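Reviewing the structure listed below.
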There are 4 protein chains.
Amino acid sequence: MSATAKKTKRTASRASRRQQLIDATMKCIARKGMSSTTLGDVAREAGLSQGIVNLHFESKENLLNETLRNIADDYKTQFNRALDKSGPDAANKLHALMELDLRPSILDRQKLAVWFAFWGEVKSRPRYREICKKSDEYYDEVVCTLCEEIIAAGHYKDVSPLAVATALTSMTNGLWLSYLISPKRFDRQIASNAVAEYLHSIFPKHFPL
Amino acid sequence: MSATAKKTKRTASRASRRQQLIDATMKCIARKGMSSTTLGDVAREAGLSQGIVNLHFESKENLLNETLRNIADDYKTQFNRALDKSGPDAANKLHALMELDLRPSILDRQKLAVWFAFWGEVKSRPRYREICKKSDEYYDEVVCTLCEEIIAAGHYKDVSPLAVATALTSMTNGLWLSYLISPKRFDRQIASNAVAEYLHSIFPKHFPL
Amino acid sequence: MSATAKKTKRTASRASRRQQLIDATMKCIARKGMSSTTLGDVAREAGLSQGIVNLHFESKENLLNETLRNIADDYKTQFNRALDKSGPDAANKLHALMELDLRPSILDRQKLAVWFAFWGEVKSRPRYREICKKSDEYYDEVVCTLCEEIIAAGHYKDVSPLAVATALTSMTNGLWLSYLISPKRFDRQIASNAVAEYLHSIFPKHFPL
Amino acid sequence: MSATAKKTKRTASRASRRQQLIDATMKCIARKGMSSTTLGDVAREAGLSQGIVNLHFESKENLLNETLRNIADDYKTQFNRALDKSGPDAANKLHALMELDLRPSILDRQKLAVWFAFWGEVKSRPRYREICKKSDEYYDEVVCTLCEEIIAAGHYKDVSPLAVATALTSMTNGLWLSYLISPKRFDRQIASNAVAEYLHSIFPKHFPL
DNA sequence: AATGAATGAGGGTTCATTCAT
DNA sequence: CATGAATGAACCCTCATTCAT
């Protein structure tokens, strides 16, 4: 085996070990909450030894930052894939993005617990905000642009693309919260209807019932 | 001073000390985050001594529960007041409730930080859910009922009250999150417009632009 | 009421309050152990308020010293009474003293728990030793003198009064320990027999079976 | 080094660290008393760090239980060795056991302080009783059986083996207390004589002066 | 790279003591 | 004399971090 190959393998191994630890972190946060999650818990969940997190992440703070980055990247990937897979039509794309947020791979209680765990600390930890800032702005821009296109195409009067984008984004975030807090009362169909009804009432031509 | 007066005073004093500690707790959570808030921080914030929290709340867990209950009661009071103050008209009431959630006394970054701090742990601490459950159901019912009344009054077809209520509640919750995460990008006017636009498009007769 | 009467009454009241607190202390030590007994426990047991012990005893250390002194005085009183009540005969007196240690007023698990609680700390708290020293020496001397008288009266050969006194005192102390540790296995009759058999075997003429 | 050897070494090391901490605990109890012994004291005495006790014993309670078990095991070992080393003769064995309790390795003020520290709390901590129960019953049985054998062999009339066993066990326990409380007044020779004299007077044929 | 024993700072909590009432 | 709220030192315990293996 060449030195390069070796190095490659070591690197790969290192990356997968980091991912393994991040996965364990998310499981722990979902199960025990952020404030009760210890590095020992994470190591145990990963089936590894006590000191392993510091070995791979230097500090707990860093592990948490990377965990947030990981979940944010995960979302971004799905967001872009949803955008790509849907046809070129703006309404189609917008609908796909809204539905994405209700898909089981996103509307997943474990993942939501992690998101809200970070949001719960975001005011006191600006770093968390920084990690998500760019993507958040990107999502807003995409949604806003789509709205603009639809408004232009449909000649909708008195409709502010920014207001609609704000409403849509807020709505899905709020639905996440509902599902996180009371999963039993939550009904994915009703949530979907709520979004659909909203889109229909704002853009009736593009979103027929 | 009579015995009754004494007792009343002692009781009042005890209650106010508890409130003082709860206020300090909220400030700390907002400033340092839930996972970094220690009882020492709370005591210092309140200008009192180390052991004071355990003296009045027995445990940190209990302090946190009471803090959540306090902020939930605070919201409930404002909710009911908004309901009472607005006229008897359902649309009026609904509008008042939506505006309430954007009023500075509610859309306050410190309070939101506290709300989200608790929501961030709600999955792993069912107690938090229990504390809010009843009020949450009450709010949902009120909003849903108002929607039903408006739908009946306006003969709106194809509008599900539950879907609208869900959309509205989710929207304000989502707006809270936006404001918490990026207060600078948040624009209260746009938020207000987003809600108004939605209400107008769903119930045009009741919510003219 | 005259000033003197008042003073007398206050003094008496003060003494009885101290006794009340000492009694509460003994109950607590018996129930919870010395290391878990707090001044709060004592005050609660006495049905009084938190700060009461410091008011009457200045410090916990002082309360414990006085408690030991109290239980020691109590024993001394009973010891002397037993000595007085029994006839003038030395064997009679010796027998009375031995039986005293098995009487329910002495062989009482609560009292024993207190004695042993203090003995358990005696090595590290010389003050406890000092409190009991004089009486202990007095008891030893009395028992030893009685043995000497009996030996002289019975012309017992090869019997050391000091050794017998030591054996007797140790025996009753050891029986106390047995009763404290395993009250169910302890049989007062067997204990009594053990002492009687010993006395008989050493001083057969004075202690017939 | 093989995996087995490693494991063995790790295990051994772990066991010796526990023993080191137990030894430190006994020293602290003897020096400061049970109620003043803190985990910090124990760690300092062992020359290790604060958290070390919880690392190896989980809790203070557990450390104390293990300390008692350790001292009880230590005694049991010496008891059985004394039994084995003495000849097959019952009187010999009984004498060996009595002498054992006066040997410096047992009649050691530090060890006695530990024993009495636990006995001082035994009423409120049934666990302590449970830890010693089996051995205590074993000792009683052994001593009682030896007495029976001697009684049978010597045709001693009117001698209850249980009473003698009780007397003997109590006596040594009582002697321990004397030594603990007033080591200066205690005379090992007198103690030994007291026991010898008793054995002689009860079983004259088997224990000549 | 990985382990896990060890560290020690800092957490929640207890409690002897003080003090205003 | 008595109360009980308040204090703050010190306790037990946890846990992020280090380090020898």
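Following the order of the structure tokens, chains are lettered A, B, ..., residues in each are numbered from 1, and ligands are numbered from 1.
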Chain F near chain D within 9 Å: what's each residue's closest atom pair and its distance in Å to one decimal, counting only C-alpha atoms (C1' of nucleotides), ordered by chain then ascending residue number, as a tab-separated table?
```
residue	atom	partner	partner_atom	distance
F:DC11	C1'	D:Thr38	CA	7.6
F:DC12	C1'	D:Leu39	CA	7.7
F:DC13	C1'	D:Asn54	CA	7.2
F:DT14	C1'	D:Gly51	CA	8.8
```
Just N, CA and C atoms (P, O5', C5', C4', C3', O3' and C1' of nucleotides) for this one: save the residues we selected as a CSV table (one decimal), in the first residue's frame.
```csv
chain,number,residue,atom,x,y,z
F,11,DC,P,-16.0,20.2,53.7
F,11,DC,O5',-16.9,19.1,53.0
F,11,DC,C5',-18.1,18.7,53.8
F,11,DC,C4',-19.2,18.4,52.9
F,11,DC,C3',-18.9,17.4,51.8
F,11,DC,O3',-19.1,16.1,52.2
F,11,DC,C1',-20.3,19.2,51.0
F,12,DC,P,-18.5,14.9,51.5
F,12,DC,O5',-19.5,14.7,50.3
F,12,DC,C5',-20.8,14.3,50.6
F,12,DC,C4',-21.6,14.3,49.2
F,12,DC,C3',-21.0,13.2,48.3
F,12,DC,O3',-22.2,12.6,47.7
F,12,DC,C1',-20.9,15.4,47.2
F,13,DC,P,-21.9,11.3,46.8
F,13,DC,O5',-21.9,12.0,45.3
F,13,DC,C5',-23.0,12.8,44.9
F,13,DC,C4',-22.6,13.5,43.6
F,13,DC,C3',-22.1,12.6,42.5
F,13,DC,O3',-23.0,12.5,41.5
F,13,DC,C1',-20.9,14.7,42.7
F,14,DT,P,-22.7,11.7,40.2
F,14,DT,O5',-22.3,12.9,39.2
F,14,DT,C5',-23.1,14.0,39.1
F,14,DT,C4',-22.5,15.0,38.0
F,14,DT,C3',-22.2,14.3,36.7
F,14,DT,O3',-22.6,15.2,35.7
F,14,DT,C1',-20.3,15.4,37.6
```
Check: What lies within 9 Å of range 155-165 of chain B using only C-alpha atoms (C1' of nucleotides), ignoring chain neighbours under 5 positions off, as a PyMOL selection string?
Finding: (chain A and resi 190-195+197-198+209) or (chain B and resi 140-141+143-148+150+170+202-203)
Closest atom pairs, residues of chain A within 8 Å of chain B, only C-alpha atoms, as a Markdown table:
```
| residue | atom | partner | partner_atom | distance |
| --- | --- | --- | --- | --- |
| A:Ala30 | CA | B:Ser124 | CA | 6.8 |
| A:Arg31 | CA | B:Ser124 | CA | 5.6 |
| A:Lys32 | CA | B:Ser124 | CA | 5.1 |
| A:Gly33 | CA | B:Glu121 | CA | 5.2 |
| A:Met34 | CA | B:Glu121 | CA | 7.0 |
| A:Ser35 | CA | B:Ser35 | CA | 4.6 |
| A:Ala113 | CA | B:Lys123 | CA | 6.4 |
| A:Val114 | CA | B:Gly120 | CA | 7.8 |
| A:Trp115 | CA | B:Gly120 | CA | 7.9 |
| A:Phe116 | CA | B:Gly120 | CA | 4.6 |
| A:Ala117 | CA | B:Gly120 | CA | 4.0 |
| A:Phe118 | CA | B:Gly120 | CA | 7.1 |
| A:Trp119 | CA | B:Phe116 | CA | 6.8 |
| A:Gly120 | CA | B:Ala117 | CA | 4.0 |
| A:Glu121 | CA | B:Gly33 | CA | 5.2 |
| A:Val122 | CA | B:Ile181 | CA | 6.7 |
| A:Lys123 | CA | B:Ala113 | CA | 6.4 |
| A:Ser124 | CA | B:Lys32 | CA | 5.1 |
| A:Arg125 | CA | B:Gly33 | CA | 7.8 |
| A:Arg129 | CA | B:Ile181 | CA | 6.7 |
| A:Val159 | CA | B:Glu197 | CA | 7.5 |
| A:Leu162 | CA | B:Ile190 | CA | 7.5 |
| A:Ala163 | CA | B:Ala194 | CA | 4.5 |
| A:Val164 | CA | B:Ala194 | CA | 6.0 |
| A:Thr166 | CA | B:Ala194 | CA | 6.7 |
| A:Ala167 | CA | B:Ala194 | CA | 5.5 |
| A:Leu168 | CA | B:Met171 | CA | 7.7 |
| A:Thr169 | CA | B:Gly174 | CA | 7.3 |
| A:Ser170 | CA | B:Gly174 | CA | 3.8 |
| A:Met171 | CA | B:Met171 | CA | 4.2 |
| A:Thr172 | CA | B:Ser170 | CA | 7.2 |
| A:Asn173 | CA | B:Gly174 | CA | 4.9 |
| A:Gly174 | CA | B:Ser170 | CA | 3.9 |
| A:Leu175 | CA | B:Ser170 | CA | 5.3 |
| A:Leu177 | CA | B:Asn173 | CA | 7.8 |
| A:Ser178 | CA | B:Ser170 | CA | 7.4 |
| A:Leu180 | CA | B:Lys123 | CA | 7.0 |
| A:Ile181 | CA | B:Val122 | CA | 6.7 |
| A:Ser182 | CA | B:Arg129 | CA | 7.9 |
| A:Ile190 | CA | B:Ala163 | CA | 5.8 |
| A:Ala191 | CA | B:Ala163 | CA | 6.8 |
| A:Asn193 | CA | B:Ala163 | CA | 6.2 |
| A:Ala194 | CA | B:Ala163 | CA | 4.4 |
| A:Val195 | CA | B:Ala167 | CA | 6.9 |
| A:Glu197 | CA | B:Val159 | CA | 7.6 |
| A:Tyr198 | CA | B:Tyr198 | CA | 7.0 |
| A:Ser201 | CA | B:Ser201 | CA | 5.3 |
| A:Ile202 | CA | B:Ser201 | CA | 5.8 |
```
Closest atom pairs, residues of chain E within 9 Å of chain A, only C-alpha atoms (C1' of nucleotides), as CSV:
```
residue,atom,partner,partner_atom,distance
E:DA1,C1',A:Leu55,CA,9.0
E:DA2,C1',A:Ile52,CA,7.4
E:DT3,C1',A:Ser49,CA,6.2
E:DG4,C1',A:Gln50,CA,6.5
```
With N, CA and C atoms (P, O5', C5', C4', C3', O3' and C1' of nucleotides) retained, could you export that selection as a compact mmCIF listing (two decimals), in the first residue's frame?
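For reference, again_6.txt as written:
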```
# COMPACT_ATOMS: atom_id res chain seq x y z
P DA E 1 -4.94 10.32 14.41
O5' DA E 1 -5.06 8.72 14.54
C5' DA E 1 -5.55 7.84 13.53
C4' DA E 1 -6.20 6.66 14.22
C3' DA E 1 -7.42 7.03 15.05
O3' DA E 1 -8.34 5.96 15.01
C1' DA E 1 -5.71 6.27 16.49
P DA E 2 -9.70 6.02 15.77
O5' DA E 2 -9.30 5.52 17.24
C5' DA E 2 -8.90 4.16 17.40
C4' DA E 2 -8.72 3.88 18.87
C3' DA E 2 -9.85 4.39 19.78
O3' DA E 2 -10.49 3.25 20.32
C1' DA E 2 -7.69 4.82 20.70
P DT E 3 -11.66 3.40 21.39
O5' DT E 3 -10.85 3.28 22.75
C5' DT E 3 -10.16 2.07 23.05
C4' DT E 3 -9.38 2.25 24.32
C3' DT E 3 -10.25 2.59 25.53
O3' DT E 3 -10.26 1.45 26.38
C1' DT E 3 -8.23 3.88 25.46
P DG E 4 -11.55 1.13 27.26
O5' DG E 4 -11.13 1.84 28.61
C5' DG E 4 -9.88 1.52 29.22
C4' DG E 4 -9.57 2.57 30.27
C3' DG E 4 -10.78 3.06 31.07
O3' DG E 4 -10.32 3.47 32.36
C1' DG E 4 -9.78 4.87 30.07
```
Item checked: range 2-97 of chain C: residues DSSP assigns to alpha helix (DSSP H), reported as number ranges by chain -> C: 3-32, 39-45, 52-57, 60-85, 90-97
